[in-house]
Amino acid sequence: MNILGQFGIFFSRIGVILGNPSQMILMMGCTFLGIIFGAMPGLTSTLGVALLTTITFGMDLDTAMVCLMSIYVGGTYGGSFSAITINIPGTAASAATALEGYPMAKKGLAGKALGLTTTASTIGTIVGILFLVVFTPIIAELALQFTSFEFFLMAFFGILISGSISCPDTVQKGWLAGFFGLFLAMVGRDALQTYPRYTMGIQNLESGIEVVPVLIGAFGIPQIIQVLKDKETTPEPAELGKILPSFKEIVHYLGTIIRSAIIGVGIGAVPGIGEDIAAWVAYGTAKQTSKHPELYGTGCEEGILASETSNNACIGGAMIPLLSLGIPGSPPTAMLLGAIMLHGVAPGPMLNIERPGFITEVGAILVIAAFAMFICGILLAKPVIRLLQIPSAIFMPIVCILCLIGSYALGLKVFNLYLMIPMGVIVYFLNKHGFPVAPLVIGVILGSMADSNLRRGLMVSRGSFSPFVTRPVSLILVIVIFLTFLSGTSFWQKVKKNRKTKKRTGL
Amino acid sequence: MKSVDQNAFRPLWNEWADGKKGVGVNDKNSKMRAGDLVIAVLFLLLGCYILIGAFRMPLKDSYGGVESTWYVSPALFPIIIAIVMILLSVSVFRYAWKRNGWVMIKDAVARRRKEPVFNENTIRFLSVIIPMVSIVYVNLERMDFFFAVLLYLSFTIGVFFMDEGQLRRHILTEYSAMMLLNVILAICGFKNVFLYSFDVVALIEMILLYVFYRKEILKCDVREQRNLYKKLKTTMLISIIVPLSLEIVFRFGLRVPMPFEGSVMNLMYLVYYAVR
């Protein structure tokens, strides 16, 4: 399908959604809820998507998608509220925003800072959507040529790259978390021979570990433990004043905004790398290329625009591998993948064939959600700020109950909860010691795909590994995986160190 | 989540900008190395368990009428996972060992010996975990959802909202004793005595919990007492409203049957069908 045709369908879908008042009301409500989830320290957009997954389970696919996408967009943007007004980033994605937003608030410019983040987030989301609508069908069509070998390597690459980039410490810890996720995916009867693996004789484990309760456990429980365990007091929010979109600054910093949006889309498209990393990279790049880097940290508008444009552009970017390959681009999209699959839709190369128009519909929902976010952000900022004053000791236990009832409601199995709690506690300790959660989650999701594709591929090649190097895409992926792996070894670090020392000494 | 120190994130993004990320960074964080050492050993053991389990799977024999070869065997992928996991665990172990991980463990153990076992940090952690574990593994399937959540919320919100060290410590002890009683009753098959047996127990426990709270508040500073009573009232109000609303939304709105439908749920049915 040509791109113009694609856009034609895209705009007609926007018209359909706009003409449905019940969906519009739901969209506004979920976007606002998303902003609250993003703004409340301790709650994240991933948790918002997780909790809404259980509520939207009974809805039809279109309405469920409206709710889920809206809360995702709202949640990613909402983090900036607490970052600016109380200097506590509501989500990790808004940590960079706090560096510039809070100094602006201290100067009495909180309203202006929020105006900037609102406009930047809207632009970022829309740029991300443009990339999503244009590139997803192209990548999906390319992926139709993929065989089992490529899918196995894609899954493997997803875990490795997500482990490499999302780990705050040594990359090996990120990979280890990823392989732990892969192991969890192995539990249960295998897809090809239905042989029970690592079930320890527990009948409930024979069908495998259900993804959504594990994800809720991995994202929700550690957050609850962390917030309640750490004694904290919420500072008094800064005075907001008038929140107005700042189009003048937008035009002035157009270059930074476009660059940050592209960074956001690019990072979002890499499996398992979330909005937080996109925001940091865009912020860092903006500082490096700025004419006045000395102003960063003192309330620099350019810094806010960079991080907020990038983290919202990441949404569209993260949806690209999700819809075209079935590989989530970020933690919230990992949760979305679970939610979409619950509705009987299998994201991947066949999506455009099995459900034509689904990708454009997602794009259309995201566009309207971006505008809903803009309206909510400008009009409803004050109630959100007031909600920030609710102590976490009150809302965190309630969130815990929502996680429990949500996980139970999906399969009506209390056994899901039996798994969710230990999973949450394990992730809490892993997180505490610098093991990232993103590769673990990607591992759980992609485990069965990697396993069955490897064996299916080897079955076709009768046990030969040669297709890994004879097929061009496979070969590229093998090289990339090898380089990713090599970059994490101490040998590579030594080589890099030596080269730097040589450069410094001028040899 | 703590307030952002305006310089706290600088090193992180500098690492990004310099492209230094990977092995060899954050060495100053040697406290983390002690944990790395322990976790690496645990992952190593897990890797061995996966490997042993994999070699028990059919590698060449037939299973369920399917003649297996090594490349279609269900053991193939677990073997790959196990080998990589073992290698990575060894690598993390080596990394942590080289950076004084073992010394840090010895340090931590020595420090821990000087401190009381149940220090404030441990009590806070247990105050999150014990109610979470007890609601899932003990209460949810034995008493009405309303009572299970009521017990959970009234304890968790109460001890963290009031945020008094001594109060939390005492209430945690009393709450743990009550949950232990529930475990014993569950083992003895008390659930089968009559349909609402655990609901009655929960109601008594709830009243006791309230009494314990009031007793503990009386021990606090007189100037603080009024504030604490106010917080207790808020806690109880939220603890009642939340499970009631959830039962209505999930049971009657989303048609999700509760894990155990006891007295409150049955009362709701009576009202629902009478009104309908």
# chains A, B, ... in the order shown; residues from 1 in each chain; ligands from 1
$ residues_around --residues "Glu150 in chain A" --least-positions-apart "3" --cutoff "7 Å" --atoms "only C-alpha atoms" --output "list in words"
Phe146, Thr147, Leu153, Met154, Val473 and Ser474 of chain A
$ select_by_dssp --residues "range 7-208 of chain B" --states "alpha helix (DSSP H)" --output "ChimeraX atom specification"
/B:10-18,30-55,76-98,101-114,120-134,145-162,165-187,197-208
$ closest_residue --among "A:Leu182, A:Val187, A:Ala143, A:Leu337" --to "Val444 in chain A" --atoms "only C-alpha atoms"
A:Leu182
$ residues_around --residues "Leu88 in chain B" --least-positions-apart "6" --cutoff "8 Å" --atoms "only C-alpha atoms" --output "number ranges by chain"
A: 172-173, 175-176
$ write_last_selection --atoms "N, CA and C atoms" --output "PDB file, in the first residue's frame"
ATOM      1  N   GLN A 172      26.715  -7.363  31.910  1.00  0.00           N
ATOM      2  CA  GLN A 172      26.455  -8.782  32.190  1.00  0.00           C
ATOM      3  C   GLN A 172      25.234  -8.947  33.093  1.00  0.00           C
ATOM      4  N   LYS A 173      25.031  -7.988  33.985  1.00  0.00           N
ATOM      5  CA  LYS A 173      23.881  -8.080  34.886  1.00  0.00           C
ATOM      6  C   LYS A 173      22.579  -7.923  34.100  1.00  0.00           C
ATOM      7  N   TRP A 175      22.165  -8.762  30.947  1.00  0.00           N
ATOM      8  CA  TRP A 175      21.975 -10.002  30.175  1.00  0.00           C
ATOM      9  C   TRP A 175      21.490 -11.133  31.079  1.00  0.00           C
ATOM     10  N   LEU A 176      22.068 -11.176  32.276  1.00  0.00           N
ATOM     11  CA  LEU A 176      21.677 -12.225  33.223  1.00  0.00           C
ATOM     12  C   LEU A 176      20.177 -12.102  33.535  1.00  0.00           C
TER      13      LEU A 176
END
$ atom_distance --atom1 "CA of Ser127 in chain B" --atom2 "CA of Pro168 in chain A"
28.7 Å
$ select_by_dssp --residues "range 2-181 of chain B" --states "strand (DSSP E or B)" --output "ChimeraX atom specification"
/B:62-63,66-67
$ write_last_selection --atoms "N, CA, C and O atoms" --output "compact mmCIF listing (two decimals), in the first residue's frame"
# COMPACT_ATOMS: atom_id res chain seq x y z
N SER B 62 12.30 -41.11 22.12
CA SER B 62 11.00 -40.64 21.65
C SER B 62 10.18 -40.17 22.85
O SER B 62 10.33 -40.67 23.96
N TYR B 63 9.35 -39.18 22.62
CA TYR B 63 8.44 -38.71 23.67
C TYR B 63 7.07 -38.49 23.06
O TYR B 63 6.94 -37.77 22.05
N VAL B 66 6.75 -39.10 19.46
CA VAL B 66 7.61 -38.31 18.56
C VAL B 66 9.05 -38.74 18.75
O VAL B 66 9.57 -38.72 19.86
N GLU B 67 9.68 -39.13 17.65
CA GLU B 67 11.08 -39.50 17.71
C GLU B 67 11.89 -38.21 17.74
O GLU B 67 11.84 -37.41 16.79
$ residues_around --residues "Ala39 in chain A" --least-positions-apart "6" --cutoff "8 Å" --atoms "only C-alpha atoms" --output "count of residues only"
11
$ residues_around --residues "Val414 in chain A" --least-positions-apart "4" --cutoff "8 Å" --atoms "only C-alpha atoms" --output "ChimeraX atom specification"
/A:408,418 /B:136,141,259
$ residues_around --residues "range 27-38 of chain A" --least-positions-apart "3" --cutoff "10 Å" --atoms "only C-alpha atoms" --output "number ranges by chain"
A: 17, 21-24, 41-49, 52, 63, 65-82, 89-94, 365, 368-377, 380-381, 383-385, 387-388
$ closest_residue --among "A:Ala261, A:Ile225, A:Ala110, A:Ile353" --to "chain B" --atoms "only C-alpha atoms"
A:Ile225
$ residues_around --residues "Lys98 in chain B" --least-positions-apart "5" --cutoff "10 Å" --atoms "only C-alpha atoms" --output "PyMOL selection string"
chain B and resi 33+92-93
$ write_last_selection --atoms "C-alpha atoms" --output "mmCIF file, in the first residue's frame"
data_model
loop_
_atom_site.group_PDB
_atom_site.id
_atom_site.type_symbol
_atom_site.label_atom_id
_atom_site.label_comp_id
_atom_site.auth_asym_id
_atom_site.auth_seq_id
_atom_site.Cartn_x
_atom_site.Cartn_y
_atom_site.Cartn_z
ATOM 1 C CA ARG B 33 29.364 -5.737 44.824
ATOM 2 C CA VAL B 92 29.522 -11.139 37.451
ATOM 3 C CA PHE B 93 31.063 -13.092 40.334
#
$ closest_residue --among "A:Val227, A:Lys496, A:Gly463, A:Met420" --to "Thr69 in chain B" --atoms "only C-alpha atoms"
A:Gly463
